[in-house]
file protein.txt (compact mmCIF, C-alpha atoms)
# COMPACT_ATOMS: atom_id res chain seq x y z
CA MET A 250 0.00 0.00 0.00
CA ARG A 251 1.41 3.37 -1.03
CA LYS A 252 0.25 6.90 -0.40
CA ILE A 253 -1.17 8.77 -3.37
CA LYS A 254 0.27 12.23 -3.99
CA ASN A 255 -2.30 15.00 -3.98
CA PRO A 256 -2.30 16.30 -7.58
CA TRP A 257 -3.96 19.57 -6.53
CA MET A 258 -1.41 20.70 -3.96
CA HIS A 259 0.09 24.10 -4.70
CA ARG A 260 -2.60 24.92 -7.28
CA GLU A 261 -3.92 28.43 -6.91
CA GLY A 262 -7.49 28.41 -5.54
CA TYR A 263 -7.33 24.79 -4.29
CA ASP A 264 -9.53 24.51 -1.16
CA CYS A 265 -11.43 21.22 -1.55
CA PHE A 266 -13.65 20.36 1.42
CA GLY A 267 -12.69 16.69 1.03
CA CYS A 268 -8.94 16.61 0.49
CA CYS A 269 -7.33 20.01 1.03
CA PRO A 270 -5.15 19.76 4.15
CA ASP A 271 -5.36 23.54 4.64
CA ASN A 272 -9.16 23.93 4.49
CA PRO A 273 -10.04 24.90 8.09
CA ILE A 274 -13.50 23.31 7.94
CA GLY A 275 -12.66 20.40 5.62
CA VAL A 276 -12.32 16.70 6.34
CA HIS A 277 -8.64 16.51 5.27
CA MET A 278 -8.72 13.10 3.58
CA GLU A 279 -5.60 11.31 2.37
CA PHE A 280 -5.56 8.35 0.03
CA TYR A 281 -3.58 5.17 -0.58
CA GLU A 282 -3.40 2.64 -3.37
CA ASP A 283 -3.84 -0.99 -2.38
CA GLY A 284 -3.89 -3.15 -5.52
CA ASP A 285 -7.03 -2.29 -7.46
CA ASP A 286 -8.42 -0.30 -4.53
CA VAL A 287 -8.08 3.26 -3.36
CA VAL A 288 -8.22 3.48 0.44
CA SER A 289 -8.63 6.28 2.96
CA PHE A 290 -8.25 6.09 6.73
CA TRP A 291 -10.21 8.83 8.47
CA ASN A 292 -10.73 9.84 12.08
CA PRO A 293 -14.28 10.95 12.96
CA LYS A 294 -14.71 14.20 14.87
CA THR A 295 -17.55 15.32 17.13
CA HIS A 296 -18.23 18.44 15.05
CA TYR A 297 -19.27 16.23 12.10
CA GLN A 298 -22.16 14.66 14.01
CA GLY A 299 -25.81 14.62 13.01
CA TRP A 300 -27.01 13.23 16.31
CA ILE A 301 -25.12 12.84 19.57
CA ASN A 302 -21.99 10.73 18.90
CA THR A 303 -23.34 9.77 15.46
CA MET A 304 -21.79 10.88 12.18
CA HIS A 305 -23.94 13.06 9.92
CA GLY A 306 -25.12 11.16 6.84
CA GLY A 307 -24.11 14.02 4.56
CA ILE A 308 -20.54 13.85 5.80
CA LEU A 309 -20.50 10.08 5.18
CA ALA A 310 -21.77 10.70 1.63
CA THR A 311 -19.02 13.30 1.18
CA LEU A 312 -16.34 10.82 2.28
CA ILE A 313 -17.69 8.24 -0.17
CA ASP A 314 -17.91 10.76 -3.02
CA GLU A 315 -14.37 12.01 -2.42
CA THR A 316 -12.99 8.46 -2.32
CA ALA A 317 -14.69 7.73 -5.65
CA ALA A 318 -13.15 10.86 -7.17
CA TRP A 319 -9.67 9.85 -6.08
CA THR A 320 -10.26 6.41 -7.58
CA VAL A 321 -10.80 8.14 -10.93
CA PHE A 322 -7.73 10.36 -10.44
CA ARG A 323 -5.42 7.48 -9.65
CA LYS A 324 -6.78 4.56 -11.64
CA LEU A 325 -7.81 6.39 -14.80
CA GLN A 326 -5.34 9.30 -14.61
CA THR A 327 -8.01 11.88 -15.37
CA SER A 328 -10.69 13.86 -13.59
CA GLY A 329 -14.41 14.26 -14.00
CA VAL A 330 -17.64 14.85 -12.10
CA THR A 331 -20.06 12.80 -10.06
CA THR A 332 -23.33 12.37 -11.92
CA ARG A 333 -25.02 10.10 -9.38
CA LEU A 334 -24.29 8.95 -5.85
CA ASP A 335 -26.26 6.16 -4.20
CA VAL A 336 -25.59 5.66 -0.51
CA LYS A 337 -26.87 2.83 1.67
CA TYR A 338 -26.62 3.52 5.39
CA ARG A 339 -26.48 0.08 7.03
CA LYS A 340 -25.33 0.96 10.54
CA PRO A 341 -24.57 4.21 12.39
CA VAL A 342 -20.99 5.45 12.30
CA MET A 343 -19.96 6.82 15.65
CA THR A 344 -18.01 10.05 16.07
CA THR A 345 -16.31 8.33 18.99
CA ASP A 346 -14.85 5.61 16.75
CA SER A 347 -11.06 5.83 16.51
CA GLN A 348 -10.83 5.35 12.73
CA ILE A 349 -12.96 4.47 9.75
CA THR A 350 -11.71 2.96 6.51
CA LEU A 351 -13.06 3.74 3.07
CA ARG A 352 -12.22 1.41 0.20
CA ALA A 353 -13.17 1.94 -3.45
CA HIS A 354 -12.67 0.28 -6.80
CA ILE A 355 -13.95 0.63 -10.34
CA VAL A 356 -16.60 -1.95 -11.20
CA SER A 357 -17.37 -0.91 -14.78
CA GLN A 358 -16.62 1.64 -17.46
CA LYS A 359 -18.55 2.34 -20.65
CA ARG A 360 -16.91 5.14 -22.59
CA ASN A 361 -16.87 8.13 -20.22
CA ILE A 362 -19.24 6.64 -17.60
CA VAL A 363 -17.56 4.85 -14.69
CA GLN A 364 -19.20 2.97 -11.80
CA ILE A 365 -17.25 2.95 -8.54
CA ASP A 366 -18.18 0.94 -5.45
CA VAL A 367 -17.16 2.31 -2.06
CA THR A 368 -17.44 0.77 1.39
CA LEU A 369 -17.03 2.50 4.73
CA GLU A 370 -15.99 0.32 7.67
CA ASP A 371 -15.79 1.17 11.35
CA SER A 372 -12.71 0.39 13.45
CA ASN A 373 -14.02 -3.17 14.01
CA GLY A 374 -14.03 -3.82 10.26
CA GLU A 375 -17.82 -3.81 10.04
CA ILE A 376 -19.30 -2.25 6.89
CA CYS A 377 -21.51 0.62 8.02
CA THR A 378 -22.12 2.46 4.76
CA GLU A 379 -21.95 1.49 1.10
CA GLY A 380 -21.92 3.75 -1.90
CA GLN A 381 -21.98 3.53 -5.63
CA ALA A 382 -20.83 6.55 -7.55
CA THR A 383 -21.47 7.12 -11.22
CA TYR A 384 -18.75 9.33 -12.60
CA PHE A 385 -18.49 11.15 -15.92
CA VAL A 386 -14.78 11.14 -16.68
CA PHE A 387 -13.19 13.79 -18.84
CA TYR A 388 -10.98 13.06 -21.79
CA LYS A 389 -7.39 13.65 -20.71
CA GLU A 390 -7.20 16.87 -22.77
CA LYS A 391 -10.22 18.32 -20.95
CA ALA A 392 -8.80 17.26 -17.57
CA GLN A 393 -5.52 19.00 -18.44
CA GLU A 394 -7.40 22.17 -19.39
CA MET A 395 -8.92 22.07 -15.89
CA GLY A 396 -5.51 21.66 -14.23
CA PHE A 397 -5.18 17.88 -13.81
CA THR A 398 -1.88 16.48 -15.02
CA SER A 399 -1.38 13.16 -13.21
CA CYS A 400 -1.91 11.35 -9.94
CA GLU A 401 1.25 9.58 -8.79
CA LEU A 402 2.36 7.58 -5.78
CA GLU A 403 4.71 8.68 -3.02
CA GLY A 404 7.82 6.94 -1.72
CA GLU A 405 8.10 3.39 -0.50
CA GLU A 406 5.38 0.83 0.04
CA LEU A 407 3.70 1.05 3.43
CA LEU A 408 2.82 -1.86 5.65
CA SER A 409 -0.80 -2.99 5.64
CA MET A 410 -2.91 -0.92 7.98
call {"tool": "encode", "arguments": {"input": "protein.txt", "output": "structure tokens"}}
result
Amino acid sequence: MRKIKNPWMHREGYDCFGCCPDNPIGVHMEFYEDGDDVVSFWNPKTHYQGWINTMHGGILATLIDETAAWTVFRKLQTSGVTTRLDVKYRKPVMTTDSQITLRAHIVSQKRNIVQIDVTLEDSNGEICTEGQATYFVFYKEKAQEMGFTSCELEGEELLSM
């Protein structure tokens, strides 16, 4: 498993709620490549709750959507936009949980339409939320016009987490 470099770092105007480390109200996600999967480890915070000690469903949908986007960045080396996001909330995610794990992979692609499955597990490894994102991916020329060049890996392989 290796960390994925953030392709947007140092771009003027970059302030993504999902992945910008400098966004003061963002969720500061980081991503890793594990075989065919893109993975994110995230620590819930109380200020993202919907109910006492329970994560807000909109934040969970955001985490799933962002993980799907990074799957497109890394696996297809382009960018695009979410056209549909289906989320199934199976079990509450607690803000008191030490860490959640999101894992995504591409399940199909027909021309510019990509289906990505995402799971969100609690610290016990139990799937709490599932998502399927439909993504419209840009041709590489269009992605480059919008500032995307590539999505590479950092340094050495990490141990399994």
call {"tool": "closest_residue", "arguments": {"input": "protein.txt", "among": "A:Thr327, A:Thr383, A:Thr303, A:Thr350", "to": "A:Tyr281", "atoms": "all atoms listed in the file"}}
result
A:Thr350
call {"tool": "atom_distance", "arguments": {"input": "protein.txt", "atom1": "atom CA of A:Asp335", "atom2": "atom CA of A:Lys359"}}
result
18.6 Å
call {"tool": "residues_around", "arguments": {"input": "protein.txt", "residues": "stretch 395-406 of chain A", "least_positions_apart": "5", "cutoff": "6 Å", "atoms": "only C-alpha atoms", "output": "PyMOL selection string"}}
result
chain A and resi 250-254+256+322-323+326
call {"tool": "closest_residue", "arguments": {"input": "protein.txt", "among": "A:Asn272, A:Gln364, A:Asn373, A:Thr295", "to": "A:Thr320", "atoms": "all atoms listed in the file"}}
result
A:Gln364
call {"tool": "atom_distance", "arguments": {"input": "protein.txt", "atom1": "atom CA of A:Ile376", "atom2": "atom CA of A:Gly267"}}
result
20.9 Å
call {"tool": "closest_residue", "arguments": {"input": "protein.txt", "among": "A:Cys377, A:Val386, A:Gly307, A:Trp319", "to": "A:Asn255", "atoms": "all atoms listed in the file"}}
result
A:Trp319
call {"tool": "closest_residue", "arguments": {"input": "protein.txt", "among": "A:Thr311, A:Gln348, A:Ser372, A:Ser289", "to": "A:Cys265", "atoms": "all atoms listed in the file"}}
result
A:Thr311
call {"tool": "closest_residue", "arguments": {"input": "protein.txt", "among": "A:Val288, A:Val336, A:Val276, A:Val342", "to": "A:Ala318", "atoms": "all atoms listed in the file"}}
result
A:Val288
call {"tool": "decode", "arguments": {"input": "protein.txt", "residues": "stretch 331-360 of chain A", "atoms": "C-alpha atoms", "output": "CSV table (one decimal), in the first residue's frame"}}
result
chain,number,residue,atom,x,y,z
A,331,THR,CA,-20.1,12.8,-10.1
A,332,THR,CA,-23.3,12.4,-11.9
A,333,ARG,CA,-25.0,10.1,-9.4
A,334,LEU,CA,-24.3,9.0,-5.9
A,335,ASP,CA,-26.3,6.2,-4.2
A,336,VAL,CA,-25.6,5.7,-0.5
A,337,LYS,CA,-26.9,2.8,1.7
A,338,TYR,CA,-26.6,3.5,5.4
A,339,ARG,CA,-26.5,0.1,7.0
A,340,LYS,CA,-25.3,1.0,10.5
A,341,PRO,CA,-24.6,4.2,12.4
A,342,VAL,CA,-21.0,5.4,12.3
A,343,MET,CA,-20.0,6.8,15.7
A,344,THR,CA,-18.0,10.1,16.1
A,345,THR,CA,-16.3,8.3,19.0
A,346,ASP,CA,-14.9,5.6,16.7
A,347,SER,CA,-11.1,5.8,16.5
A,348,GLN,CA,-10.8,5.4,12.7
A,349,ILE,CA,-13.0,4.5,9.8
A,350,THR,CA,-11.7,3.0,6.5
A,351,LEU,CA,-13.1,3.7,3.1
A,352,ARG,CA,-12.2,1.4,0.2
A,353,ALA,CA,-13.2,1.9,-3.5
A,354,HIS,CA,-12.7,0.3,-6.8
A,355,ILE,CA,-14.0,0.6,-10.3
A,356,VAL,CA,-16.6,-2.0,-11.2
A,357,SER,CA,-17.4,-0.9,-14.8
A,358,GLN,CA,-16.6,1.6,-17.5
A,359,LYS,CA,-18.5,2.3,-20.6
A,360,ARG,CA,-16.9,5.1,-22.6
